[in-house]
Amino acid sequence: MSKYLLNKFLFTVDRDPDLVERYRAEPRATVEWWESTYANRILGCHAGESSTWLSFDDTEREALATHDYPRLFELGAHPFLTLTLFIAMFERDHPPLGFQTEYARRLAHVRLPYPDIAT
Amino acid sequence: MAEVVAVIASTHHPFYYRASTATGAERPPFADEWVRKVMAFRETLTRARPDVLVMVGSDHFHQLWLDNMPQFLIGKAPFYDANFYNEEREFGLPRMVCQGQEDLSAHLLREGLDAGFDLAFSNELRIDHSITCPIITLRPQNDLPIVPVYTNIFAPPLPQPKRFVQLGRTIRELVESWPSRQRVAIIGTGHLSLELGGPRQFGPHGPDPEFDRKAVEWISTGDIEGCLAEVTLDSLHLPGNATHGFMDFMLMMGVAGDGRKADYVDTYDLFHTMEAYFTWYPDGGGGS
């Protein structure tokens with residue numbers, strides 16, 4: 001399990017307007033493309049330097065591919081990253097603050113302590 | 001030596017800019033009172049007549065990332081571009097450029113390292129809303145050079161709360177030992193109770209009004225000892241999952257000093273979060 005890689009997906013998609021739209025429209029295809037081409041990029045390095053070992057497990061891949069943000073919360077993805085990206089994708093489909101309150105409702109079953117987000 | 005002419009701590013609500021500039025049907029009902037409070041808060045900085053601003057905040061996974069995450073970082077650059085695409089998108093924040101004060105940055109880095117803080121630094125730092133929000137609220141003309149100080153309240157493992165207090169005390173000492181005749185305001189922003197991406201987010205108030213009440217009491221009375229006795233990295237999960245941002249308020253309590261009552265205190269109970277504004281004048285009066 002890699003909370004780090006989940007966060008890296010959320011981080012890199014959220015900060016690219018084209019990827020935000022692509023992930024909204026085609027989540028499964030975007031996750032597959034990202035894992036095969038982007039997951040091992042070292043973001044703070046010169047282009048061309050990569051890692052060799054990063055990949056999602058099946059649970060993580062499925063959660064991302066189905067836009068399942070409650071599941072991402074349970075898996076320990078960083079809540080700020082998840083919230084920010086999902087607001088970018090779905091706030092437009094709701095009245096003001098409607099998506100944010102629905103988001104809270106879908107997590108209403110969660111009790112303290114929340115899943116550990118340390119990476 | 002330089003003089004610390006004001007110490008200021010506040011929340012950094014990214015929606016203030018949009019709420020305060022909205023007109024007609026777009027203007028939320030709480031905007032006018034919010035603007036009134038911010039204008040009064042702004043006056044507490046203006047009257048101190050600062051030349052330089054030390055700005056304490058926290059990057060929200062913008063430039064700083066998990067492949068190389070500093071705990072405490074000081075910017076040292078002639079300029080700082082500011083705000084990011086996703087802050088424009090979600091909050092409507094404008095792109096900005098701030099001027100840097102590199103001499104003070106160099107002084108804080110050298111002396112901070114020698115004082116036992118292994119500070120990271122950045123010579124090309126794009127700052128985010130934790131620093132631009134207080135510029136928008138307190139100094140919208142953006143005409144003063146800054147020294148950004150970033151803390152990690154976001155990506156565990158985090159430093160302990162007492163370390164934030166210690167860094168605040170040290171920053172105060174180091175600014176006062178800066179061989180310059182400039183007037184320095186030290187401004188830091190954080191959160192009271194806050195939930196982001198969890199079940200308690202975006203409620204009618206902050207997620208834990210009782211924590212907020214205690215926090216305002218600790219800050220406004222300078223009760224560092226009482227605050228440190230109750231606040232731990234574990235306890236901060238209870239009021240809301242983003243409440244570790246309160247440690248930046250603790251840093252500012254360290255800057256202000258043990259037992260030092262704030263000279264100006266105001267709060268505003270909004271949906272989602274309690275806004276809080278504090279100013280201390282080290283010379284007792286402000287603007288003298």
# chains A, B, ... in the order shown; residues from 1 in each chain; ligands from 1
$ interface_residues --of "chain B" --to "chain A" --cutoff "8 Å" --atoms "only C-alpha atoms" --output "list in words"
Phe61, Leu66, Asp67, Asn68, Tyr85, Asn86, Arg89, Glu90, Ala155, Pro156, Pro157, Leu196, Gly197, Gly198, Pro199, Arg200, Gln201, Phe202, Gly203, His237 and Leu238 of chain B
$ write_last_selection --atoms "N, CA and C atoms" --output "mmCIF file, in the first residue's frame"
data_model
loop_
_atom_site.group_PDB
_atom_site.id
_atom_site.type_symbol
_atom_site.label_atom_id
_atom_site.label_comp_id
_atom_site.auth_asym_id
_atom_site.auth_seq_id
_atom_site.Cartn_x
_atom_site.Cartn_y
_atom_site.Cartn_z
ATOM 1 N N PHE B 61 0.984 21.995 0.047
ATOM 2 C CA PHE B 61 1.343 21.130 -1.084
ATOM 3 C C PHE B 61 1.279 21.903 -2.391
ATOM 4 N N LEU B 66 6.150 15.837 -0.886
ATOM 5 C CA LEU B 66 6.561 14.740 -0.016
ATOM 6 C C LEU B 66 7.879 14.085 -0.417
ATOM 7 N N ASP B 67 8.423 14.411 -1.584
ATOM 8 C CA ASP B 67 9.729 13.828 -1.931
ATOM 9 C C ASP B 67 10.881 14.622 -1.325
ATOM 10 N N ASN B 68 10.564 15.735 -0.656
ATOM 11 C CA ASN B 68 11.635 16.545 -0.065
ATOM 12 C C ASN B 68 10.983 17.591 0.825
ATOM 13 N N TYR B 85 -2.295 28.079 -9.450
ATOM 14 C CA TYR B 85 -3.460 27.826 -10.308
ATOM 15 C C TYR B 85 -4.650 27.300 -9.515
ATOM 16 N N ASN B 86 -4.414 26.341 -8.616
ATOM 17 C CA ASN B 86 -5.584 25.770 -7.933
ATOM 18 C C ASN B 86 -6.154 26.738 -6.881
ATOM 19 N N ARG B 89 -8.374 28.911 -9.037
ATOM 20 C CA ARG B 89 -9.536 28.111 -9.434
ATOM 21 C C ARG B 89 -10.549 28.011 -8.294
ATOM 22 N N GLU B 90 -10.084 27.690 -7.095
ATOM 23 C CA GLU B 90 -11.017 27.410 -5.995
ATOM 24 C C GLU B 90 -11.405 28.663 -5.220
ATOM 25 N N ALA B 155 2.091 17.746 6.717
ATOM 26 C CA ALA B 155 2.533 16.437 6.226
ATOM 27 C C ALA B 155 3.297 15.719 7.333
ATOM 28 N N PRO B 156 2.613 14.843 8.093
ATOM 29 C CA PRO B 156 3.296 14.172 9.201
ATOM 30 C C PRO B 156 4.402 13.253 8.702
ATOM 31 N N PRO B 157 5.464 13.078 9.514
ATOM 32 C CA PRO B 157 5.621 13.528 10.898
ATOM 33 C C PRO B 157 5.899 15.028 11.017
ATOM 34 N N LEU B 196 -10.892 19.543 7.038
ATOM 35 C CA LEU B 196 -10.841 19.594 5.575
ATOM 36 C C LEU B 196 -10.840 18.173 5.039
ATOM 37 N N GLY B 197 -11.797 17.880 4.174
ATOM 38 C CA GLY B 197 -11.852 16.547 3.590
ATOM 39 C C GLY B 197 -12.309 15.486 4.564
ATOM 40 N N GLY B 198 -13.078 15.866 5.580
ATOM 41 C CA GLY B 198 -13.594 14.919 6.560
ATOM 42 C C GLY B 198 -15.057 15.195 6.862
ATOM 43 N N PRO B 199 -15.670 14.373 7.717
ATOM 44 C CA PRO B 199 -17.116 14.484 7.962
ATOM 45 C C PRO B 199 -17.554 15.763 8.657
ATOM 46 N N ARG B 200 -16.645 16.443 9.321
ATOM 47 C CA ARG B 200 -17.036 17.658 10.053
ATOM 48 C C ARG B 200 -16.779 18.937 9.263
ATOM 49 N N GLN B 201 -16.453 18.824 7.986
ATOM 50 C CA GLN B 201 -16.099 20.021 7.216
ATOM 51 C C GLN B 201 -17.337 20.836 6.838
ATOM 52 N N PHE B 202 -17.124 22.127 6.653
ATOM 53 C CA PHE B 202 -18.127 23.055 6.108
ATOM 54 C C PHE B 202 -19.441 23.013 6.870
ATOM 55 N N GLY B 203 -19.352 22.919 8.195
ATOM 56 C CA GLY B 203 -20.538 23.030 9.033
ATOM 57 C C GLY B 203 -20.886 24.497 9.262
ATOM 58 N N HIS B 237 -5.781 16.262 16.709
ATOM 59 C CA HIS B 237 -6.700 15.553 15.801
ATOM 60 C C HIS B 237 -8.151 15.717 16.255
ATOM 61 N N LEU B 238 -8.362 15.905 17.545
ATOM 62 C CA LEU B 238 -9.730 15.868 18.072
ATOM 63 C C LEU B 238 -10.591 17.046 17.611
#
$ residues_around --residues "B:Ile8" --least-positions-apart "2" --cutoff "7 Å" --atoms "only C-alpha atoms" --output "tab-separated table (two decimals) with C-alpha atoms, in the first residue's frame"
chain	number	residue	atom	x	y	z
B	6	ALA	CA	4.06	44.65	15.82
B	10	SER	CA	-4.55	35.53	12.42
B	186	ILE	CA	6.16	39.68	12.44
B	187	ILE	CA	2.94	38.24	11.06
B	188	GLY	CA	1.84	34.61	11.20
B	278	PHE	CA	-4.59	39.27	17.35
B	279	THR	CA	-2.05	42.08	17.55
B	280	TRP	CA	0.67	42.73	20.11
